[in-house]
Amino acid sequence: MPRTTGSAELPARRRATMADVAERAGVSRTLVSLIFSGKPGASAETRDRVLQAAEDLAYHPDRAAQLLARGRSRTLGVVTDVKQTFQAEMIGTVYDAAEAAGYEVLLSASGPTRDERKSVEALLSHRCEGLILFNPLSGSTYLRSVADRAVLTVVGRKVQAANTVRSADGKGIRQSVDHLVALGHRAIVHIDGGEHAVSIDRRRAYVASMRKHGLDEHIRVIPGAHDEAAGASGARILLGEPRLPTAVLAGNDRSALGLMDELNKGGVDVPGDVSIVGYDDSPLSSLFRIDLTTVRQDSAELARKALEFTVTRLEDPESDVFETVIEPRLVVRGTTGHPRVLDTVHL
């Protein structure tokens, strides 16, 4: 006959423990542990009784504790700037791919009010064994130190000792400049995205592409950032000058949207007076009233590769770091067209 079981109820709000299950089933805690670990040593009748006791008490094994006891957390940390819609798009894919691979994901945000290093260190303190960083701003020395403590994958730039997943940003910019030049544009301005590694690559590609087309005298970079305020600020600079360029290449879609809004307020027609190209192909870009010509990055593929590389190195610590470059594609919509004149637009 089964041994007498313990109390049917637990004090309010207290989570059931393995000891509670053992008491209710009338067995030892060690035997309960064996059953939940899937190890032999218990009869079918005892196993059923323990599982029923667990169900009655709403007990769920502490998976994290079990993994830590074996030296693994199977938890990945992701650091992102939640204000960047392109990064937000990648997070959903990371979660889905991580779940399929048997990993949990912890998300930590960085931004103007929170230092990126604090976000990274917080994830490491939670025993994340792998980290995925989207376009990190931290220096290479610090990132290499992170790679010494966890498997590190960086999306957007190359870091020694870390997996790298990035888009061929230079190619995307070249496609944009080629498109504008083919339409007849010469005075093409670039509002850049600041000192991010991605922004630097795009700025260099813009300069190189303009030179390739013999447009050295038209090269102009307005310092900016990857947000609407930077695009609006760039627009105000241009509106305050005697002549407008015929086209502007923005650092990303958010900057392009700020640029469009401010130009429209100033009575400038897009693309009649000024053509605009963004970068990222964010969800807003395809809306009818925006219809932004932009460069599409495959956010889902970038995220899948980042997760794949991280998990592969966790499962095989002897494997080398991985690197892949995803090809972008220019998506032509309604914000680009032939210039009314071939050099400048007069205000």
# chains A, B, ... in the order shown; residues from 1 in each chain; ligands from 1
$ select_by_dssp --residues "segment 288-336 of chain A" --states "strand (DSSP E or B)" --output "PyMOL selection string"
chain A and resi 293-296+323-326+329-331
$ residues_around --residues "segment 139-153 of chain A" --least-positions-apart "6" --cutoff "6 Å" --atoms "only C-alpha atoms" --output "list in words"
Glu129, Gly130, Leu131, Ile132, Ala162, Asn163 and Thr164 of chain A
$ write_last_selection --atoms "all heavy atoms" --output "mmCIF file, in the first residue's frame"
data_model
loop_
_atom_site.group_PDB
_atom_site.id
_atom_site.type_symbol
_atom_site.label_atom_id
_atom_site.label_comp_id
_atom_site.auth_asym_id
_atom_site.auth_seq_id
_atom_site.Cartn_x
_atom_site.Cartn_y
_atom_site.Cartn_z
ATOM 1 N N GLU A 129 25.080 32.198 -21.386
ATOM 2 C CA GLU A 129 26.304 31.587 -21.904
ATOM 3 C C GLU A 129 26.598 32.015 -23.343
ATOM 4 O O GLU A 129 27.665 31.730 -23.874
ATOM 5 C CB GLU A 129 26.226 30.068 -21.802
ATOM 6 C CG GLU A 129 25.005 29.440 -22.433
ATOM 7 C CD GLU A 129 24.970 27.934 -22.202
ATOM 8 O OE1 GLU A 129 25.934 27.403 -21.629
ATOM 9 O OE2 GLU A 129 23.987 27.294 -22.607
ATOM 10 N N GLY A 130 25.657 32.689 -23.955
ATOM 11 C CA GLY A 130 25.863 33.235 -25.282
ATOM 12 C C GLY A 130 25.218 34.603 -25.371
ATOM 13 O O GLY A 130 24.162 34.833 -24.787
ATOM 14 N N LEU A 131 25.857 35.536 -26.086
ATOM 15 C CA LEU A 131 25.321 36.881 -26.243
ATOM 16 C C LEU A 131 25.238 37.242 -27.718
ATOM 17 O O LEU A 131 26.138 36.925 -28.498
ATOM 18 C CB LEU A 131 26.211 37.918 -25.542
ATOM 19 C CG LEU A 131 26.325 37.859 -24.018
ATOM 20 C CD1 LEU A 131 27.211 39.000 -23.535
ATOM 21 C CD2 LEU A 131 24.962 37.924 -23.358
ATOM 22 N N ILE A 132 24.162 37.921 -28.089
ATOM 23 C CA ILE A 132 23.994 38.458 -29.434
ATOM 24 C C ILE A 132 23.825 39.964 -29.291
ATOM 25 O O ILE A 132 22.908 40.428 -28.594
ATOM 26 C CB ILE A 132 22.775 37.848 -30.147
ATOM 27 C CG1 ILE A 132 22.956 36.333 -30.308
ATOM 28 C CG2 ILE A 132 22.566 38.509 -31.503
ATOM 29 C CD1 ILE A 132 21.732 35.625 -30.867
ATOM 30 N N ALA A 162 34.748 36.933 -32.105
ATOM 31 C CA ALA A 162 33.288 36.867 -32.060
ATOM 32 C C ALA A 162 32.742 36.424 -33.415
ATOM 33 O O ALA A 162 33.336 36.695 -34.461
ATOM 34 C CB ALA A 162 32.699 38.225 -31.688
ATOM 35 N N ASN A 163 31.602 35.730 -33.389
ATOM 36 C CA ASN A 163 30.901 35.462 -34.631
ATOM 37 C C ASN A 163 30.432 36.798 -35.216
ATOM 38 O O ASN A 163 30.065 37.710 -34.468
ATOM 39 C CB ASN A 163 29.677 34.579 -34.384
ATOM 40 C CG ASN A 163 30.032 33.235 -33.785
ATOM 41 O OD1 ASN A 163 30.945 32.573 -34.241
ATOM 42 N ND2 ASN A 163 29.301 32.842 -32.754
ATOM 43 N N THR A 164 30.407 36.886 -36.524
ATOM 44 C CA THR A 164 29.983 38.120 -37.175
ATOM 45 C C THR A 164 28.899 37.830 -38.201
ATOM 46 O O THR A 164 29.056 36.948 -39.049
ATOM 47 C CB THR A 164 31.161 38.806 -37.885
ATOM 48 O OG1 THR A 164 32.170 39.147 -36.930
ATOM 49 C CG2 THR A 164 30.699 40.074 -38.588
#
$ residues_around --residues "Thr336 of chain A" --least-positions-apart "2" --cutoff "10 Å" --atoms "only C-alpha atoms" --output "ChimeraX atom specification"
/A:179-180,183,246-248,270-277,291-294,332-334,338-339
$ write_last_selection --atoms "C-alpha atoms" --output "mmCIF file, in the first residue's frame"
data_model
loop_
_atom_site.group_PDB
_atom_site.id
_atom_site.type_symbol
_atom_site.label_atom_id
_atom_site.label_comp_id
_atom_site.auth_asym_id
_atom_site.auth_seq_id
_atom_site.Cartn_x
_atom_site.Cartn_y
_atom_site.Cartn_z
ATOM 1 C CA HIS A 179 19.863 54.220 -59.078
ATOM 2 C CA LEU A 180 19.872 57.976 -58.478
ATOM 3 C CA LEU A 183 17.626 58.801 -63.014
ATOM 4 C CA THR A 246 18.097 66.933 -56.192
ATOM 5 C CA ALA A 247 18.493 63.813 -54.060
ATOM 6 C CA VAL A 248 19.298 62.835 -50.488
ATOM 7 C CA VAL A 270 9.153 64.534 -52.871
ATOM 8 C CA PRO A 271 10.223 63.280 -55.370
ATOM 9 C CA GLY A 272 9.392 66.212 -57.669
ATOM 10 C CA ASP A 273 11.928 68.556 -56.085
ATOM 11 C CA VAL A 274 14.052 66.150 -54.058
ATOM 12 C CA SER A 275 14.326 62.356 -54.297
ATOM 13 C CA ILE A 276 14.944 60.430 -51.068
ATOM 14 C CA VAL A 277 16.415 56.980 -50.413
ATOM 15 C CA ASP A 291 6.224 54.665 -50.215
ATOM 16 C CA LEU A 292 9.928 55.040 -49.485
ATOM 17 C CA THR A 293 12.636 53.862 -51.849
ATOM 18 C CA THR A 294 15.028 52.036 -49.554
ATOM 19 C CA VAL A 332 12.406 51.234 -55.638
ATOM 20 C CA ARG A 333 9.202 52.990 -54.595
ATOM 21 C CA GLY A 334 7.689 56.435 -54.951
ATOM 22 C CA HIS A 338 13.883 62.043 -62.400
ATOM 23 C CA PRO A 339 15.097 65.473 -61.275
#
$ closest_residue --among "A:Thr312, A:Ser108, A:Ser319, A:Ser299" --to "Val94 of chain A" --atoms "only C-alpha atoms"
A:Ser299
$ closest_atom_pairs --of "segment 204-277 of chain A" --to "segment 184-200 of chain A" --cutoff "6 Å" --atoms "only C-alpha atoms" --output "JSON lines"
{"residue": "A:His218", "atom": "CA", "partner": "A:Ala187", "partner_atom": "CA", "distance": 5.3}
{"residue": "A:Arg220", "atom": "CA", "partner": "A:Val189", "partner_atom": "CA", "distance": 5.2}
{"residue": "A:Val221", "atom": "CA", "partner": "A:His190", "partner_atom": "CA", "distance": 4.9}
{"residue": "A:Ile222", "atom": "CA", "partner": "A:Ile191", "partner_atom": "CA", "distance": 4.7}
{"residue": "A:Pro223", "atom": "CA", "partner": "A:Asp192", "partner_atom": "CA", "distance": 5.5}
{"residue": "A:Gly224", "atom": "CA", "partner": "A:Asp192", "partner_atom": "CA", "distance": 5.0}
{"residue": "A:Ala225", "atom": "CA", "partner": "A:Gly193", "partner_atom": "CA", "distance": 3.8}
{"residue": "A:His226", "atom": "CA", "partner": "A:Gly193", "partner_atom": "CA", "distance": 4.9}
{"residue": "A:Pro245", "atom": "CA", "partner": "A:Ala187", "partner_atom": "CA", "distance": 5.0}
{"residue": "A:Thr246", "atom": "CA", "partner": "A:Ala187", "partner_atom": "CA", "distance": 5.7}
{"residue": "A:Ala247", "atom": "CA", "partner": "A:Ile188", "partner_atom": "CA", "distance": 4.8}
{"residue": "A:Val248", "atom": "CA", "partner": "A:Val189", "partner_atom": "CA", "distance": 4.7}
{"residue": "A:Leu249", "atom": "CA", "partner": "A:His190", "partner_atom": "CA", "distance": 4.7}
{"residue": "A:Ala250", "atom": "CA", "partner": "A:Ile191", "partner_atom": "CA", "distance": 4.9}
{"residue": "A:Gly251", "atom": "CA", "partner": "A:Asp192", "partner_atom": "CA", "distance": 4.6}
$ write_last_selection --atoms "C-alpha atoms" --output "compact mmCIF listing (two decimals), in the first residue's frame"
# COMPACT_ATOMS: atom_id res chain seq x y z
CA HIS A 218 28.93 67.02 -55.48
CA ARG A 220 28.53 66.22 -49.32
CA VAL A 221 27.96 64.47 -45.99
CA ILE A 222 25.73 66.01 -43.33
CA PRO A 223 26.43 64.50 -39.88
CA GLY A 224 23.36 62.75 -38.49
CA ALA A 225 22.07 59.76 -36.56
CA HIS A 226 19.71 56.86 -37.07
CA PRO A 245 20.21 69.03 -53.86
CA THR A 246 18.10 66.93 -56.19
CA ALA A 247 18.49 63.81 -54.06
CA VAL A 248 19.30 62.83 -50.49
CA LEU A 249 20.55 59.46 -49.31
CA ALA A 250 19.58 59.02 -45.65
CA GLY A 251 21.47 56.87 -43.17
$ select_by_dssp --residues "segment 2-179 of chain A" --states "helix (DSSP H, G or I)" --output "MDAnalysis selection string"
chainID A and resid 18:25 29:36 44:56 63:69 85:101 116:125 140:147 169:179
$ residues_around --residues "Ala42 of chain A" --least-positions-apart "6" --cutoff "10 Å" --atoms "only C-alpha atoms" --output "list in words"
Leu31, Val32, Leu34, Ile35, Asp48 and Val50 of chain A
$ atom_distance --atom1 "atom CA of Pro40 of chain A" --atom2 "atom CA of Val311 of chain A"
29.7 Å
$ closest_residue --among "A:Pro328, A:Gly234, A:Gly258, A:Pro283" --to "Arg174 of chain A" --atoms "only C-alpha atoms"
A:Pro328
$ closest_residue --among "A:Glu323, A:Asp316, A:Asp169, A:Asp253" --to "Thr335 of chain A" --atoms "only C-alpha atoms"
A:Asp253
